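S.K.: Structure in structure tokens, see below.
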Amino acid sequence: MPVTIKKVDVFPLGYQEPNDNNAWRYIVLTRIEASDGTVGWGECISQFKEATYATTALLENGLTDLLVGKDPLDHETLWNTVRGQVWWYGDVGGIAAFAISALDIALWDLKGKLLGIPLHQMLGGKQHEKLPTCASTHPKASTIDAMAAELATHIRNGYKLVKVGFGKKGEANLGTSAVRDLEFVKTVRQAIGPDAGFIVDIGAKVHWTLPYAVKMARAFLPHNLTWLEDVFQPDNLLGYSQLRAAVPEMMIGFGERFWNRNDYLRLLQANVCDVILVDPGRTEGITGMQQITQLAARHNVGMDPHCWSSAIITAASLHLALAAPNATIFEMKPFENPMQHELVTQPFAPVDGYMSIGDAPGLGVEVIESVVQKYNLKK
Ligand SMILES: [Mg+2]
């Protein structure tokens, strides 16, 4: 008897994130069980409560039914089936892309477990044994000196890079003053030393005009940023083009808010960045992210997983990054948090500042179902 998909469960979860000043964050997990009892787990980073309930509704009112009774080894056929179903409302992105992501990741995990091979091998093998780890942070402190000391602690603890989000919750107030932001970058560089990587992530909440961004990028140049990320809103490809023309020495990271292969193809063809940010919990799963990563590699553009939710996304992203010729770093949230440290039996952590992964089948993580229930919004 061939193994088939017996059932698909959907869990909308809510949790407070210590790495984001205890803000509430939301994800959807999927659990796909095969007829022989094997289980695969998936996730999407829906992030907001309303998006989480909407994704859950799409899954529970139609999309999971498309999988039941099917052969889980045909995961790409199933990915196409689900994409085909959402043609009217979501095959160009949005909530449907979250739903596809959560199903696709669980299908790859299940397939790996059924075949007894790790995801990185299903993706074609490792291009890297390990990647330097970046502490991806929203500083908790309020003064520049205290923030610089906080970031230097991560480097002392072994991280090879720090990434700082501007415009985030809490008292940091980064992204609000040119003079203060420049002082911040200068002080952090002094605190972390010349060899540590340093990424500044402007993000969605900070609105820089083109002349302001040019001025800031030029002012940041002497402080040797690894890259400057998400300077403008994602639609503003022309702004990115003009920024690059004005400050060609500044490396640019971009892309975490796009949805699929075609979005990234447009970005790559516009030649507006050096590194793309990608999250398999948003970009139609491992299948979608693999397509995007390969495109970027062919355009000589780096790939950095966005990776800011649960250990399921960390696992998927880490396998993808280790299998990608164009990945150079791997991001982790530096402070203990429920979706990384409670959800799985063996939480991820860098060793001597590097991330690697073993050869357990599928994603290689064991999800603790009582923890899923603890954070389940449906209970
Ligand atoms: Mg970012």
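So you can find residues: chains in the structure tokens are A, B, ... in the order shown, residues in each start at 1, and ligands are numbered from 1 in order.
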Identify, on the basis of only C-alpha atoms, every residue whose closest approach to Gly125 of chain A does not exceed 12 Å; exclude the query and any residue fewer than 2 positions from it along the same chain; express the result as a PyMOL selection string.
M.R.: chain A and resi 117-123+127-129+319-325+359
S.K.: Can you pull out every residue with an atom within 8 Å of ligand 1? Use only C-alpha atoms and all ligand atoms and format it as a VMD selection string.
M.R.: chain A and resid 165 201 to 203 229 to 230 254 256 277 306
S.K.: Can you write out the residues you just picked, keeping C-alpha atoms, as a PDB file, in the first residue's frame?
M.R.:
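Once everything was written out, this is again.pdb:
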```pdb
ATOM      1  CA  GLY A 165      16.405  46.967  13.030  1.00  0.00           C
ATOM      2  CA  ASP A 201      18.001  47.343   8.625  1.00  0.00           C
ATOM      3  CA  ILE A 202      15.894  50.452   8.003  1.00  0.00           C
ATOM      4  CA  GLY A 203      12.613  48.528   7.657  1.00  0.00           C
ATOM      5  CA  GLU A 229      18.795  46.827   4.311  1.00  0.00           C
ATOM      6  CA  ASP A 230      15.271  47.747   3.204  1.00  0.00           C
ATOM      7  CA  PHE A 254      16.372  44.021   0.035  1.00  0.00           C
ATOM      8  CA  GLU A 256      11.857  40.356   2.620  1.00  0.00           C
ATOM      9  CA  LEU A 277      16.168  38.551   2.034  1.00  0.00           C
ATOM     10  CA  HIS A 306      14.886  36.411   6.941  1.00  0.00           C
TER      11      HIS A 306
END
```
S.K.: Which residue, A:Ser35, A:Gln47, A:Gln85, A:Ser370, has the smallest gap to Ala23 of chain A when you use only C-alpha atoms?
M.R.: A:Gln47
S.K.: Would you mind reading off the distance between atom CA of Thr133 of chain A and atom CA of Gly158 of chain A, one decimal, in Å?
M.R.: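 These atoms are spaced 8.4 Å apart.
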S.K.: Out of segment 49-287 of chain A, which residues get alpha helix (DSSP H) from DSSP, as a VMD selection string?
M.R.: chain A and resid 49 to 58 75 to 85 95 to 115 119 to 122 144 to 156 178 to 192 210 to 220 237 to 246 261 to 269 285 to 287
S.K.: Let me see the file: selected residues, C-alpha atoms, as a CSV table (one decimal), in the first residue's frame.
M.R.:
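Below you can see part_11.csv, which holds the result:
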```
chain,number,residue,atom,x,y,z
A,49,LYS,CA,-3.3,38.2,14.4
A,50,GLU,CA,-5.7,39.1,11.6
A,51,ALA,CA,-3.4,37.6,8.9
A,52,THR,CA,-3.0,34.4,11.1
A,53,TYR,CA,-6.8,33.9,11.3
A,54,ALA,CA,-7.2,34.6,7.6
A,55,THR,CA,-4.5,32.1,6.7
A,56,THR,CA,-6.1,29.5,9.0
A,57,ALA,CA,-9.4,30.1,7.3
A,58,LEU,CA,-8.0,29.5,3.8
A,75,HIS,CA,5.2,17.5,-3.1
A,76,GLU,CA,5.8,19.7,-6.1
A,77,THR,CA,2.7,18.4,-7.8
A,78,LEU,CA,0.8,19.3,-4.6
A,79,TRP,CA,2.5,22.8,-4.5
A,80,ASN,CA,1.2,23.4,-8.0
A,81,THR,CA,-2.3,22.1,-7.1
A,82,VAL,CA,-2.6,24.5,-4.2
A,83,ARG,CA,-1.2,27.4,-6.3
A,84,GLY,CA,-3.7,26.5,-9.0
A,85,GLN,CA,-6.6,26.7,-6.5
A,95,ILE,CA,-2.5,35.6,2.5
A,96,ALA,CA,-2.6,32.6,0.1
A,97,ALA,CA,1.2,32.6,-0.1
A,98,PHE,CA,1.3,32.2,3.7
A,99,ALA,CA,-1.0,29.2,3.4
A,100,ILE,CA,1.0,27.6,0.5
A,101,SER,CA,4.2,28.2,2.6
A,102,ALA,CA,2.9,26.4,5.7
A,103,LEU,CA,1.7,23.4,3.6
A,104,ASP,CA,4.8,23.1,1.4
A,105,ILE,CA,7.3,23.2,4.4
A,106,ALA,CA,5.3,20.4,6.1
A,107,LEU,CA,5.3,18.4,2.8
A,108,TRP,CA,9.1,18.6,2.5
A,109,ASP,CA,9.5,17.6,6.1
A,110,LEU,CA,7.2,14.7,5.7
A,111,LYS,CA,8.9,13.6,2.4
A,112,GLY,CA,12.3,13.7,4.1
A,113,LYS,CA,11.1,11.6,7.0
A,114,LEU,CA,9.5,9.1,4.7
A,115,LEU,CA,12.7,8.8,2.6
A,119,LEU,CA,16.3,18.4,3.7
A,120,HIS,CA,19.7,19.7,2.6
A,121,GLN,CA,20.3,16.5,0.7
A,122,MET,CA,16.8,16.7,-0.9
A,144,ILE,CA,23.5,54.9,22.2
A,145,ASP,CA,26.2,53.8,24.6
A,146,ALA,CA,24.0,51.1,26.2
A,147,MET,CA,22.8,49.9,22.8
A,148,ALA,CA,26.4,49.7,21.6
A,149,ALA,CA,27.4,47.7,24.7
A,150,GLU,CA,24.4,45.4,24.2
A,151,LEU,CA,25.5,44.7,20.6
A,152,ALA,CA,29.1,44.2,21.6
A,153,THR,CA,28.0,41.5,24.1
A,154,HIS,CA,26.6,39.5,21.2
A,155,ILE,CA,29.9,39.7,19.4
A,156,ARG,CA,31.8,38.7,22.6
A,178,ALA,CA,20.2,61.8,11.2
A,179,VAL,CA,22.7,63.0,13.8
A,180,ARG,CA,21.7,60.4,16.4
A,181,ASP,CA,21.6,57.5,13.8
A,182,LEU,CA,25.1,58.4,12.5
A,183,GLU,CA,26.4,58.6,16.1
A,184,PHE,CA,24.8,55.2,16.7
A,185,VAL,CA,26.5,53.6,13.7
A,186,LYS,CA,29.9,55.1,14.6
A,187,THR,CA,29.6,54.1,18.3
A,188,VAL,CA,28.5,50.5,17.5
A,189,ARG,CA,31.4,50.1,15.0
A,190,GLN,CA,33.9,51.2,17.7
A,191,ALA,CA,32.2,48.9,20.3
A,192,ILE,CA,32.1,45.7,18.1
A,210,LEU,CA,15.9,59.5,-1.7
A,211,PRO,CA,18.1,62.5,-0.8
A,212,TYR,CA,18.0,61.6,2.9
A,213,ALA,CA,18.9,58.0,2.1
A,214,VAL,CA,21.8,59.1,-0.1
A,215,LYS,CA,23.1,61.4,2.7
A,216,MET,CA,22.8,58.7,5.3
A,217,ALA,CA,24.4,56.0,3.1
A,218,ARG,CA,27.4,58.2,2.4
A,219,ALA,CA,27.7,59.1,6.1
A,220,PHE,CA,27.6,55.4,7.0
A,237,LEU,CA,12.6,50.0,-7.3
A,238,LEU,CA,13.6,53.3,-8.9
A,239,GLY,CA,14.6,54.8,-5.5
A,240,TYR,CA,16.9,51.8,-5.0
A,241,SER,CA,18.3,52.2,-8.4
A,242,GLN,CA,19.1,55.9,-7.8
A,243,LEU,CA,20.5,55.2,-4.4
A,244,ARG,CA,22.9,52.6,-5.9
A,245,ALA,CA,23.9,55.0,-8.6
A,246,ALA,CA,24.7,57.7,-6.0
A,261,ARG,CA,9.7,33.9,-7.8
A,262,ASN,CA,8.4,36.5,-10.2
A,263,ASP,CA,8.6,39.3,-7.6
A,264,TYR,CA,12.3,38.5,-7.0
A,265,LEU,CA,12.9,38.1,-10.7
A,266,ARG,CA,11.7,41.7,-11.2
A,267,LEU,CA,14.0,42.9,-8.4
A,268,LEU,CA,17.0,41.0,-9.8
A,269,GLN,CA,16.5,42.2,-13.3
A,285,GLY,CA,7.6,27.5,1.1
A,286,ILE,CA,10.8,25.6,0.5
A,287,THR,CA,9.7,25.0,-3.2
```
S.K.: What lies within 10 Å of Cys307 of chain A using only C-alpha atoms, ignoring chain neighbours under 4 positions off, as a list in words?
M.R.: Ile45, Ser136, Glu256, Leu277, Val278, Asp279, Pro280, Gly281, Ala311, Ile312, Ile313, Thr314, Ala315, Ala316, Ser317, Leu318, Phe330, Glu331, Met332 and Lys333 of chain A
S.K.: Segment 218-332 of chain A near segment 8-17 of chain A within 12 Å: what's each residue's closest atom pair and its distance in Å to one decimal, counting only C-alpha atoms, ordered by chain then ascending residue number, as a tab-separated table?
M.R.:
```
residue	atom	partner	partner_atom	distance
A:Trp308	CA	A:Glu17	CA	10.0
A:Ser309	CA	A:Glu17	CA	9.1
A:Ser310	CA	A:Tyr15	CA	10.5
```
S.K.: Report as a ChimeraX atom specification: the residues of segment 127-368 of chain A with a DSSP assignment of strand (DSSP E or B), based on the backbone of this structure.
M.R.: /A:131-137,161-165,197-201,227-229,252-254,275-278,302-305,327,330-332,344,351,354-355,362,367
S.K.: Store the residues picked out above, limited to N, CA and C atoms, as a compact mmCIF listing (two decimals), in the first residue's frame.
M.R.:
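Here's the written file out-v2.txt:
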```
# COMPACT_ATOMS: atom_id res chain seq x y z
N LEU A 131 27.79 28.30 8.46
CA LEU A 131 27.71 29.72 8.07
C LEU A 131 27.90 30.59 9.32
N PRO A 132 28.60 31.74 9.18
CA PRO A 132 28.75 32.63 10.32
C PRO A 132 27.40 33.17 10.78
N THR A 133 27.21 33.24 12.10
CA THR A 133 25.90 33.60 12.63
C THR A 133 25.82 35.09 12.93
N CYS A 134 24.69 35.66 12.55
CA CYS A 134 24.40 37.08 12.79
C CYS A 134 23.35 37.18 13.89
N ALA A 135 23.63 37.97 14.93
CA ALA A 135 22.60 38.25 15.95
C ALA A 135 21.68 39.32 15.38
N SER A 136 20.45 38.91 15.09
CA SER A 136 19.49 39.80 14.44
C SER A 136 18.60 40.43 15.51
N THR A 137 18.81 41.73 15.76
CA THR A 137 18.27 42.31 16.99
C THR A 137 17.45 43.58 16.79
N LEU A 161 28.37 38.62 13.41
CA LEU A 161 27.78 39.87 12.90
C LEU A 161 26.63 40.27 13.83
N VAL A 162 26.27 41.56 13.73
CA VAL A 162 25.02 42.01 14.34
C VAL A 162 24.20 42.73 13.27
N LYS A 163 22.88 42.53 13.37
CA LYS A 163 21.96 43.27 12.52
C LYS A 163 21.02 44.05 13.43
N VAL A 164 20.82 45.33 13.12
CA VAL A 164 19.99 46.17 13.98
C VAL A 164 18.81 46.71 13.17
N GLY A 165 17.60 46.43 13.66
CA GLY A 165 16.41 46.97 13.03
C GLY A 165 16.12 48.38 13.52
N GLY A 197 30.81 41.79 11.52
CA GLY A 197 29.85 42.26 10.53
C GLY A 197 28.80 43.15 11.19
N PHE A 198 28.27 44.07 10.42
CA PHE A 198 27.31 45.04 10.99
C PHE A 198 26.32 45.43 9.88
N ILE A 199 25.07 45.06 10.10
CA ILE A 199 24.01 45.35 9.13
C ILE A 199 23.02 46.30 9.77
N VAL A 200 22.65 47.35 9.04
CA VAL A 200 21.60 48.26 9.50
C VAL A 200 20.37 48.01 8.63
N ASP A 201 19.25 47.70 9.32
CA ASP A 201 18.00 47.34 8.63
C ASP A 201 16.98 48.47 8.86
N TRP A 227 25.93 45.44 4.98
CA TRP A 227 25.00 46.00 4.02
C TRP A 227 23.98 46.90 4.73
N LEU A 228 23.29 47.70 3.95
CA LEU A 228 22.19 48.55 4.41
C LEU A 228 20.92 47.93 3.84
N GLU A 229 19.93 47.66 4.74
CA GLU A 229 18.80 46.83 4.31
C GLU A 229 17.47 47.60 4.27
N ILE A 252 23.65 46.74 -0.62
CA ILE A 252 22.23 46.88 -0.31
C ILE A 252 21.59 45.50 -0.16
N GLY A 253 20.83 45.31 0.94
CA GLY A 253 20.00 44.12 1.13
C GLY A 253 18.54 44.51 0.98
N PHE A 254 17.73 43.62 0.41
CA PHE A 254 16.37 44.02 0.03
C PHE A 254 15.54 42.77 -0.23
N VAL A 275 22.13 41.60 -1.97
CA VAL A 275 21.67 40.45 -1.19
C VAL A 275 20.14 40.51 -1.14
N ILE A 276 19.50 39.36 -1.38
CA ILE A 276 18.05 39.32 -1.19
C ILE A 276 17.73 38.65 0.15
N LEU A 277 16.70 39.17 0.82
CA LEU A 277 16.17 38.55 2.03
C LEU A 277 14.98 37.70 1.64
N VAL A 278 14.92 36.47 2.13
CA VAL A 278 13.84 35.54 1.75
C VAL A 278 13.42 34.73 2.97
N GLY A 302 23.55 37.71 -3.50
CA GLY A 302 23.54 36.85 -2.32
C GLY A 302 22.14 36.59 -1.81
N MET A 303 22.01 35.57 -0.94
CA MET A 303 20.72 35.23 -0.35
C MET A 303 20.89 35.11 1.16
N ASP A 304 20.02 35.80 1.90
CA ASP A 304 20.06 35.73 3.35
C ASP A 304 18.65 35.42 3.85
N PRO A 305 18.46 34.27 4.52
CA PRO A 305 17.12 33.98 5.04
C PRO A 305 16.69 35.01 6.09
N ALA A 327 24.55 31.92 -0.18
CA ALA A 327 24.33 32.32 1.22
C ALA A 327 25.68 32.55 1.87
N PHE A 330 24.03 33.48 8.49
CA PHE A 330 22.73 32.97 8.94
C PHE A 330 22.30 33.74 10.17
N GLU A 331 21.05 34.21 10.18
CA GLU A 331 20.56 35.07 11.26
C GLU A 331 19.85 34.27 12.34
N MET A 332 20.10 34.67 13.59
CA MET A 332 19.40 34.09 14.74
C MET A 332 19.00 35.20 15.68
N VAL A 344 10.75 23.05 20.29
CA VAL A 344 11.42 21.83 19.80
C VAL A 344 12.31 21.24 20.88
N VAL A 351 27.49 27.38 17.21
CA VAL A 351 28.64 26.78 17.89
C VAL A 351 29.87 27.55 17.41
N TYR A 354 29.11 29.83 14.57
CA TYR A 354 28.67 29.31 13.27
C TYR A 354 27.43 28.42 13.42
N MET A 355 26.62 28.41 12.37
CA MET A 355 25.44 27.53 12.36
C MET A 355 25.68 26.40 11.36
N GLY A 362 14.30 14.97 6.96
CA GLY A 362 13.40 16.11 6.84
C GLY A 362 14.03 17.36 7.39
N VAL A 367 9.06 18.58 17.08
CA VAL A 367 8.14 19.57 17.64
C VAL A 367 7.43 18.95 18.85
```
S.K.: Identify which of the residues A:Leu73, A:Gln346, A:Asn326, A:Val39 lies closest to Arg298 of chain A, counting only C-alpha atoms when measuring atom-to-atom distances.
M.R.: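 Closest to Arg298 of chain A of all the choices is A:Asn326.
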S.K.: When you look at Gly37 of chain A with a cut-off of 9 Å (counting only C-alpha atoms), what residues show up, excluding the ones that are within fewer than 3 positions of it in the same chain? I need them as a PyMOL selection string.
M.R.: chain A and resi 6+33-34
S.K.: Name the closest residue to Lys70 of chain A among the candidates A:Gly90, A:Pro18, A:Pro2, A:Pro350; distances are taken between atoms, counting only C-alpha atoms.
M.R.: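 That would be A:Pro2, the residue with the smallest distance to Lys70 of chain A.
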